[in-house]
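> Structure incoming, see below.
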Protein chains: 2
Amino acid sequence: MNSLIEENYLKALFNMANEAGEVNVTELSRRLEIKMPTVTSMMKKLSDKKLVLYESYKPLRLSEKGKKEAGLIIRKHRLTEMFLVEKMHLGWEDVHDIAEQIEHIQSPVFFEKMDELLGYPKVDPHGSPIPDKSGKIVWKEYNKLSDCREGETAKLAAVINTSSDFLKFLNGREMRLGVKIKIRSIEPFDKSMVVSYGKRQAEVLSNVVCERILVEKEG
Amino acid sequence: MNSLIEENYLKALFNMANEAGEVNVTELSRRLEIKMPTVTSMMKKLSDKKLVLYESYKPLRLSEKGKKEAGLIIRKHRLTEMFLVEKMHLGWEDVHDIAEQIEHIQSPVFFEKMDELLGYPKVDPHGSPIPDKSGKIVWKEYNKLSDCREGETAKLAAVINTSSDFLKFLNGREMRLGVKIKIRSIEPFDKSMVVSYGKRQAEVLSNVVCERILVEKEG
DNA sequence: TAATTTTGTTAGATTAATCTAACTTATTAT
DNA sequence: ATAATAAGTTAGATTAATCTAACAAAATTA
Ligand SMILES: [Mn+2]
Ligand SMILES: [Mn+2]
Ligand SMILES: [Mn+2]
Ligand SMILES: [Mn+2]
């Protein structure tokens with residue numbers, strides 16, 4: 001069994017590889033807020049456990065075993081978030097910190113039950129894919145809202161930034177997964193958009209916001 | 001904040017005090033399966049934190065602060081067990097090990113929500129009282145089934161032993177909280193009882209079993 | 001009361017995870 | 001190509017939680 005701490009290293013490696021490709025000691029150290037020598041020694045430990053392929057001065061890589069274990073932790077995290085939103089009626093801005101803890105619970109039956117009660121969901125409340133039981137993730141191809149053009153209509157599929165502040169910002173304008181957004185106009189100067197969706201006829205969204213919203217184009 | 005390990009010491013102290021009155025180092029050591037010198041040093045640490053009133057060679061006692069913290073952990077444990085049974089449809093024999101982990105989750109809103117969804121339950125799936133938000137327990141006066149007399153009728157209110165084996169034994173004869181048990185006869189030799197309840201007309205229960213069942217006598 | 005047994009403490013070692021300081025390797029800039 | 005900077009490693013210390021071995025106190029038995 002891996003410790004909670006080892007699990008957090010695996011998860012960070014997995015997520016960072018998906019975000020940025022190559023992961024190095026400096027970045028992992030920054031992400032986990034743990035000093036570099038500590039990270040180095042943990043990499044050696046995880047390498048001994050065949051979870052990480054470690055070579056001095058080389059980029060950090062998870063082994064296949066490491067990817068699987070990481071994927072399964074992320075599966076537990078995202079199933080938990082979905083459960084908290086769907087079955088316990090918490091807001092999507094409130095669930096991450098709880099899932100961060102529950103992801104380390106050791107109990108196959110507990111997470112099986114969650115999955116079953118939720119009807120085997122494929123994505124979490126933020127639109128992120130839930131890894132399958134073998135830890136594999138199927139990535140859907142989404143577009144950034146900021147890459148869409150005037151006149152296009154697109155469905156809000158996921159959010160990139162899942163900070164509580166950003167999610168509350170979206171709450172404040174009734175923006176949730178699934179809303180169909182029509183792009184009325186784009187301001188050339190700052191790339192802000194005027195969009196309509198639901199009952200909102202003309203919401204202005206800055207580029208900073210549009211960069212963090214992923215959509216599925218209609219048609 | 002207390003560590004998970006400190007929390008487990010507090011909880012053990014609290015539960016043992018309720019079961020046996022005085023708690024000593026030897027017993028706590030046995031319960032936690034941790035060697036005595038380790039227990040001694042943890043008692044000193046918890047004493048520094050004002051959670052335990054520790055004097056060498058004296059019985060171990062929780063401070064008021066320690067009792068409250070322990071009560072609140074047990075509250076989380078029992079709310080979780082109730083949630084797992086009522087909302088996630090797990091068996092009463094399966095929930096303890098999961099609750100043992102979830103009781104350490106730090107998130108007031110998570111447990112508030114559980115409480116609310118359950119309708120503010122007063123007891124857990126095994127009939128044990130759920131401490132209130134200040135960590136206090138209200139004990140109901142129950143009788144052991146083994147102390148009842150021929151002809152009496154009593155409602156199954158709680159189980160003393162919550163081992164999976166015992167609970168499965170009860171499952172096997174459709175014995176659950178709330179069933180009304182009538183004592184048909186008592187065998188003087190081994191104190192085994194013949195009882196009827198629900199659709200069962202003549203179940204034989206050994207004294208070992210009857211000692212572990214708490215009932216509320218019908219007035 | 002004295003001897004024996006049980007209970008509890010002290011001392012010192014160990015392990016996991018962390019840190020700082022010093023050093024080395026790799027990359028970037030001049 | 002050399003110097004300067006950034007990235008990564010090694011060495012050694014620290015903290016929490018554990019252990020074993022040795023010792024001390026308390027309780028029990030003779
Ligand atoms: Mn999350
Ligand atoms: Mn985590
Ligand atoms: Mn329990
Ligand atoms: Mn516990």
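All residue names refer to the structure tokens as shown: chains lettered A, B, ... in order, residues numbered from 1 in each chain, ligands numbered from 1 in order.
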Any idea what's packed within 10 Å of C:DT27, counting only C-alpha atoms (C1' of nucleotides), ignoring anything in its chain fewer than 6 positions away? Could you give it as an MDAnalysis selection string?
chainID D and resid 5:7
> Skip stretch 39-56 of chain B itself and residues of its chain fewer than 4 positions away, then list as a list in words all residues within 8 Å of it, counting only C-alpha atoms (C1' of nucleotides).
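So the residues in contact are Glu6, Val25, Leu28, Ser29, Ile34, Lys35, Leu60, Arg61, Leu62, Ser63, Glu64, Lys65, Gly66 and Lys67 of chain B; DG8 and DT9 of chain C.
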> Could you give the RMSD, in Å, left over when chain A is least-squares superposed onto chain B across all Cα atoms paired sequentially?
0.1 Å
> From the DSSP assignment of the backbone, select every residue of chain A that is helix (DSSP H, G or I), and format the answer as a PyMOL selection string.
chain A and resi 4-20+25-32+36-48+64-86+96-102+108-118+145-147+164-172+207-210
> Could you list the residues in chain D lying within 9 Å of chain A, using only C-alpha atoms (C1' of nucleotides), and format the result as a PyMOL selection string?
chain D and resi 7-10
> Let's have the selection written as a PDB file, in the first residue's frame, with N, CA, C and O atoms (P, O5', C5', C4', C3', O3' and C1' of nucleotides).

```pdb
ATOM      1  P    DA D   7      15.081  27.068 -13.139  1.00  0.00           P
ATOM      2  O5'  DA D   7      15.814  25.672 -12.944  1.00  0.00           O
ATOM      3  C5'  DA D   7      16.263  24.955 -14.090  1.00  0.00           C
ATOM      4  C4'  DA D   7      16.823  23.625 -13.637  1.00  0.00           C
ATOM      5  C3'  DA D   7      15.897  22.865 -12.688  1.00  0.00           C
ATOM      6  O3'  DA D   7      15.784  21.553 -13.225  1.00  0.00           O
ATOM      7  C1'  DA D   7      18.068  23.070 -11.735  1.00  0.00           C
ATOM      8  P    DG D   8      15.076  20.377 -12.464  1.00  0.00           P
ATOM      9  O5'  DG D   8      16.286  19.758 -11.639  1.00  0.00           O
ATOM     10  C5'  DG D   8      17.303  19.035 -12.336  1.00  0.00           C
ATOM     11  C4'  DG D   8      18.217  18.369 -11.322  1.00  0.00           C
ATOM     12  C3'  DG D   8      17.463  17.543 -10.277  1.00  0.00           C
ATOM     13  O3'  DG D   8      18.021  16.231 -10.314  1.00  0.00           O
ATOM     14  C1'  DG D   8      19.014  18.999  -9.234  1.00  0.00           C
ATOM     15  P    DT D   9      17.724  15.121  -9.251  1.00  0.00           P
ATOM     16  O5'  DT D   9      19.020  15.208  -8.310  1.00  0.00           O
ATOM     17  C5'  DT D   9      20.309  15.042  -8.918  1.00  0.00           C
ATOM     18  C4'  DT D   9      21.372  15.006  -7.829  1.00  0.00           C
ATOM     19  C3'  DT D   9      21.092  14.002  -6.709  1.00  0.00           C
ATOM     20  O3'  DT D   9      22.245  13.190  -6.586  1.00  0.00           O
ATOM     21  C1'  DT D   9      21.546  16.158  -5.793  1.00  0.00           C
ATOM     22  P    DT D  10      22.354  12.026  -5.510  1.00  0.00           P
ATOM     23  O5'  DT D  10      23.188  12.669  -4.308  1.00  0.00           O
ATOM     24  C5'  DT D  10      24.402  13.372  -4.594  1.00  0.00           C
ATOM     25  C4'  DT D  10      25.029  13.829  -3.283  1.00  0.00           C
ATOM     26  C3'  DT D  10      24.895  12.838  -2.132  1.00  0.00           C
ATOM     27  O3'  DT D  10      26.168  12.780  -1.485  1.00  0.00           O
ATOM     28  C1'  DT D  10      23.985  14.923  -1.490  1.00  0.00           C
TER      29       DT D  10
END
```
> How would you report the residues lying within 9 Å of ligand 1, as a list in words, if you count only C-alpha atoms (C1' of nucleotides) and all ligand atoms?
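With only C-alpha atoms (C1' of nucleotides) and all ligand atoms and a cut-off of 9 Å, ligand 1 is contacted by Ile74, His77, Arg78, Thr80, Glu81, Val95, His96, Asp97, Ile98, Ala99, Glu100, Asp124, Pro125, His126, Ser128 and Thr162 of chain A.
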> Could you tell me, counting only C-alpha atoms (C1' of nucleotides) and all ligand atoms, which protein and nucleic acid residues lie no more than 8 Å from ligand 2, written as a PDB file with N, CA and C atoms, in the first residue's frame?

```pdb
ATOM      1  N   LEU A   4      -0.650   8.075   2.079  1.00  0.00           N
ATOM      2  CA  LEU A   4      -1.380   9.245   1.592  1.00  0.00           C
ATOM      3  C   LEU A   4      -0.428  10.215   0.903  1.00  0.00           C
ATOM      4  N   ILE A   5       0.745  10.345   1.465  1.00  0.00           N
ATOM      5  CA  ILE A   5       1.717  11.285   0.908  1.00  0.00           C
ATOM      6  C   ILE A   5       2.229  10.814  -0.444  1.00  0.00           C
ATOM      7  N   GLU A   7       0.626   8.923  -2.434  1.00  0.00           N
ATOM      8  CA  GLU A   7      -0.509   9.077  -3.349  1.00  0.00           C
ATOM      9  C   GLU A   7      -0.589  10.500  -3.895  1.00  0.00           C
ATOM     10  N   ASN A   8      -0.319  11.468  -3.042  1.00  0.00           N
ATOM     11  CA  ASN A   8      -0.388  12.854  -3.515  1.00  0.00           C
ATOM     12  C   ASN A   8       0.712  13.176  -4.527  1.00  0.00           C
ATOM     13  N   LYS A  11      -0.453  11.533  -7.843  1.00  0.00           N
ATOM     14  CA  LYS A  11      -1.546  12.302  -8.448  1.00  0.00           C
ATOM     15  C   LYS A  11      -1.007  13.575  -9.096  1.00  0.00           C
ATOM     16  N   ALA A  99     -13.055  16.212  -1.460  1.00  0.00           N
ATOM     17  CA  ALA A  99     -12.609  15.086  -2.305  1.00  0.00           C
ATOM     18  C   ALA A  99     -11.117  14.834  -2.144  1.00  0.00           C
ATOM     19  N   GLU A 100     -10.373  15.903  -1.910  1.00  0.00           N
ATOM     20  CA  GLU A 100      -8.927  15.786  -1.698  1.00  0.00           C
ATOM     21  C   GLU A 100      -8.624  14.862  -0.513  1.00  0.00           C
ATOM     22  N   GLN A 101      -9.526  14.825   0.439  1.00  0.00           N
ATOM     23  CA  GLN A 101      -9.347  13.946   1.593  1.00  0.00           C
ATOM     24  C   GLN A 101      -9.945  12.564   1.337  1.00  0.00           C
ATOM     25  N   ILE A 102     -11.146  12.539   0.767  1.00  0.00           N
ATOM     26  CA  ILE A 102     -11.841  11.252   0.615  1.00  0.00           C
ATOM     27  C   ILE A 102     -11.168  10.374  -0.439  1.00  0.00           C
ATOM     28  N   GLU A 103     -10.449  10.983  -1.376  1.00  0.00           N
ATOM     29  CA  GLU A 103      -9.753  10.198  -2.408  1.00  0.00           C
ATOM     30  C   GLU A 103      -8.782   9.176  -1.802  1.00  0.00           C
ATOM     31  N   HIS A 104      -8.391   9.381  -0.546  1.00  0.00           N
ATOM     32  CA  HIS A 104      -7.428   8.468   0.075  1.00  0.00           C
ATOM     33  C   HIS A 104      -8.084   7.345   0.888  1.00  0.00           C
TER      34      HIS A 104
END
```
> Where in stretch 18-198 of chain A does DSSP assign strand (DSSP E or B), given as JSON, numbers by chain?
{"A": [23, 52, 53, 60, 61, 62, 123, 129, 143, 144, 153, 154, 155, 156, 157, 158, 159, 180, 181, 182, 183, 184, 185, 186, 193, 194, 195, 196, 197]}
> Output as a short mmCIF file (atom, residue, chain, number, x, y, z; two decimals) with N, CA, C and O atoms (P, O5', C5', C4', C3', O3' and C1' of nucleotides), in the first residue's frame the set of chain C residues within 12 Å of chain A, with distances taken over only C-alpha atoms (C1' of nucleotides).

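To be explicit, this is the file written out as out17.cif:
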```
data_model
loop_
_atom_site.label_atom_id
_atom_site.label_comp_id
_atom_site.auth_asym_id
_atom_site.auth_seq_id
_atom_site.Cartn_x
_atom_site.Cartn_y
_atom_site.Cartn_z
P DA C 16 10.62 3.72 6.15
"O5'" DA C 16 9.70 5.02 6.23
"C5'" DA C 16 8.38 4.93 6.76
"C4'" DA C 16 7.77 6.31 6.74
"C3'" DA C 16 7.90 7.04 5.40
"O3'" DA C 16 6.68 7.71 5.14
"C1'" DA C 16 8.99 8.29 7.08
P DA C 17 6.45 8.40 3.71
"O5'" DA C 17 6.81 9.93 4.00
"C5'" DA C 17 6.03 10.64 4.94
"C4'" DA C 17 6.70 11.96 5.25
"C3'" DA C 17 7.10 12.80 4.02
"O3'" DA C 17 6.40 14.04 4.07
"C1'" DA C 17 8.81 12.74 5.65
P DT C 18 6.38 15.05 2.89
"O5'" DT C 18 7.52 16.09 3.29
"C5'" DT C 18 7.23 17.10 4.23
"C4'" DT C 18 8.45 17.51 5.03
"C3'" DT C 18 9.46 18.42 4.35
"O3'" DT C 18 8.97 19.71 4.13
"C1'" DT C 18 10.45 16.96 5.97
P DC C 19 9.68 20.71 3.17
"O5'" DC C 19 10.94 21.22 4.03
"C5'" DC C 19 10.71 21.83 5.30
"C4'" DC C 19 12.05 22.03 6.01
"C3'" DC C 19 13.06 22.82 5.17
"O3'" DC C 19 13.11 24.16 5.56
"C1'" DC C 19 14.05 20.82 6.09
P DT C 20 13.93 25.20 4.65
"O5'" DT C 20 15.45 25.10 5.13
"C5'" DT C 20 15.81 25.21 6.51
"C4'" DT C 20 17.33 25.09 6.63
"C3'" DT C 20 18.11 26.03 5.71
"O3'" DT C 20 19.26 26.49 6.44
"C1'" DT C 20 18.69 23.81 5.21
P DA C 21 20.20 27.62 5.83
"O5'" DA C 21 21.50 26.79 5.42
"C5'" DA C 21 21.98 25.77 6.29
"C4'" DA C 21 23.22 25.15 5.68
"C3'" DA C 21 24.03 26.08 4.77
"O3'" DA C 21 25.40 25.76 4.97
"C1'" DA C 21 23.29 24.22 3.52
P DT C 24 31.29 19.42 -5.65
"O5'" DT C 24 30.15 19.03 -6.68
"C5'" DT C 24 29.33 17.89 -6.43
"C4'" DT C 24 28.38 17.73 -7.61
"C3'" DT C 24 29.04 17.87 -8.98
"O3'" DT C 24 28.49 16.86 -9.77
"C1'" DT C 24 27.25 19.39 -8.81
P DT C 25 29.07 16.47 -11.22
"O5'" DT C 25 27.88 16.84 -12.20
"C5'" DT C 25 26.57 16.32 -11.95
"C4'" DT C 25 25.59 17.10 -12.78
"C3'" DT C 25 25.98 17.25 -14.25
"O3'" DT C 25 24.92 16.68 -14.98
"C1'" DT C 25 25.27 19.32 -13.35
P DA C 26 24.82 16.69 -16.59
"O5'" DA C 26 23.93 17.99 -16.88
"C5'" DA C 26 22.64 18.09 -16.29
"C4'" DA C 26 22.01 19.40 -16.73
"C3'" DA C 26 22.14 19.68 -18.22
"O3'" DA C 26 20.84 20.01 -18.67
"C1'" DA C 26 22.89 21.55 -16.97
P DT C 27 20.52 20.46 -20.19
"O5'" DT C 27 20.37 22.06 -20.06
"C5'" DT C 27 19.45 22.58 -19.11
"C4'" DT C 27 19.57 24.10 -19.12
"C3'" DT C 27 19.47 24.73 -20.50
"O3'" DT C 27 18.46 25.72 -20.39
"C1'" DT C 27 21.35 25.59 -19.33
#
```
> Which one of A:Asp94, A:Glu203, A:Glu27, A:Asp147 sits closest to chain B if you count only C-alpha atoms?
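Residue with the minimum atom-to-atom distance to chain B: A:Asp94.
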